[in-house]
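Chemist: The structure follows.
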Amino acid sequence: MTEEVKSGFQPLLDSAEDPAIEFFNLSNKLNRMQRVFVWNVVNNPNMSYVECARKSGYKDARQSAYKLLKHPEVKKEINYLMGEVRKKYELNQDRAVKDLYDIRDKALESGSFNAAIAAQNSLLKVGGLVVDKKEVRYGKIDQMSRAEIENRLKHLMGDVIEGEITDESEEDLPKTSVVDMVEQESQESKEDK
């Protein structure tokens, strides 16, 4: 198992042990060990400078790390690579929109229409074409007057039929079933025609 897997750390630039040449500023003022030190410092932020110097091949790691961090070209190269890391992980509106387009297109290609619709809605929100309007009201019923409560209830109930509930015994109720009542009403409506 590698050291990165054990600690759960993922390298920032590349998982390769040795630095790839395209990551460097290529001023040719640093030797190979200095470049590996810079690579380790930037690519493994959890590692101390002494550990980076040791991993780069320096015998006296503590003294070498101190000297390397004072070296102007090493500092310049570290700053350059840290800038590259910031660019890689930078989040801005253009990148977010590009990512949303990619997500939408890949979702459509794979037939995931719900994901495509969600990405399209997010694009519309970013563009300002769709605005979520949510209204939150705070208030308690005990802060309202009786008239306000009655008006609110009337408004909520709408066209509710008002009536009284009476207590009738089963003896007073007709003995006909609902089916009989429906049939009787349909016969009456036929006779009226």
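FYI, nothing fancy with the structure tokens labels: chains A, B, ... in order, residues from 1 per chain, ligands from 1 as they appear.
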Counting only C-alpha atoms, what is within 12 Å of Val41 of chain A, bar same-chain residues fewer than 2 positions away, as a VMD selection string?
Modeler: chain A and resid 11 to 13 19 34 to 39 43 to 56 65 68 to 69 74 to 75 77 to 79 81 to 82
Chemist: Next, dump the selected residues to file, keeping only C-alpha atoms, as a CSV table (one decimal), in the first residue's frame.
Modeler:
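Written out: selection.csv:
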```
chain,number,residue,atom,x,y,z
A,11,PRO,CA,-1.8,14.4,-4.5
A,12,LEU,CA,-2.7,17.9,-5.7
A,13,LEU,CA,-0.9,17.9,-9.1
A,19,PRO,CA,7.7,15.4,-11.2
A,34,GLN,CA,15.8,20.8,-6.0
A,35,ARG,CA,13.0,20.2,-8.5
A,36,VAL,CA,12.0,17.0,-6.7
A,37,PHE,CA,11.9,19.0,-3.4
A,38,VAL,CA,9.7,21.6,-5.0
A,39,TRP,CA,7.5,18.9,-6.4
A,43,ASN,CA,2.2,18.0,-4.4
A,44,ASN,CA,2.1,16.8,-0.8
A,45,PRO,CA,1.0,19.7,1.5
A,46,ASN,CA,0.6,17.3,4.5
A,47,MET,CA,4.3,16.5,4.3
A,48,SER,CA,6.7,18.7,6.3
A,49,TYR,CA,9.6,20.4,4.5
A,50,VAL,CA,12.1,18.1,6.2
A,51,GLU,CA,10.2,15.0,5.0
A,52,CYS,CA,10.1,16.6,1.5
A,53,ALA,CA,13.9,17.1,1.6
A,54,ARG,CA,14.5,13.5,2.8
A,55,LYS,CA,12.2,12.1,0.1
A,56,SER,CA,14.1,14.2,-2.5
A,65,ALA,CA,15.1,22.1,3.8
A,68,LEU,CA,16.2,25.3,0.0
A,69,LEU,CA,13.4,27.5,1.4
A,74,VAL,CA,13.2,27.5,-5.2
A,75,LYS,CA,10.8,29.9,-3.7
A,77,GLU,CA,9.3,27.7,-8.4
A,78,ILE,CA,7.1,26.8,-5.4
A,79,ASN,CA,5.0,29.9,-6.0
A,81,LEU,CA,3.4,25.6,-9.0
A,82,MET,CA,1.1,26.7,-6.2
```
Chemist: To one decimal in Å, tell me the separation between atom CA of Val42 of chain A and atom CA of Lys76 of chain A.
Modeler: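 Here the two named atoms are 12.2 Å from each other.
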Chemist: One decimal, in Å: what's the spacing between atom CA of Lys59 of chain A and atom CA of Val85 of chain A?
Modeler: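 Rounded to one decimal, the two atoms are 28.8 Å apart.
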Chemist: Hey, can you check how far atom CA of Asp60 of chain A sits from atom CA of Asn28 of chain A?
Modeler: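 These atoms are spaced 24.1 Å apart.
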Chemist: Near Asn121 of chain A, within 10 Å and counting only C-alpha atoms, which residues show up once chain neighbours fewer than 5 positions away are dropped, as a short mmCIF file (atom, residue, chain, number, x, y, z; two decimals) with C-alpha atoms, in the first residue's frame?
Modeler:
```cif
data_model
loop_
_atom_site.label_atom_id
_atom_site.label_comp_id
_atom_site.auth_asym_id
_atom_site.auth_seq_id
_atom_site.Cartn_x
_atom_site.Cartn_y
_atom_site.Cartn_z
CA LEU A 100 -23.00 22.27 -16.05
CA ARG A 104 -26.13 18.08 -19.14
CA ALA A 115 -30.04 14.70 -14.41
CA ALA A 116 -30.08 16.59 -17.71
CA VAL A 126 -27.05 30.86 -13.25
CA GLY A 127 -28.17 32.85 -16.29
CA LEU A 129 -33.70 33.31 -16.42
CA VAL A 130 -35.27 31.36 -13.57
#
```
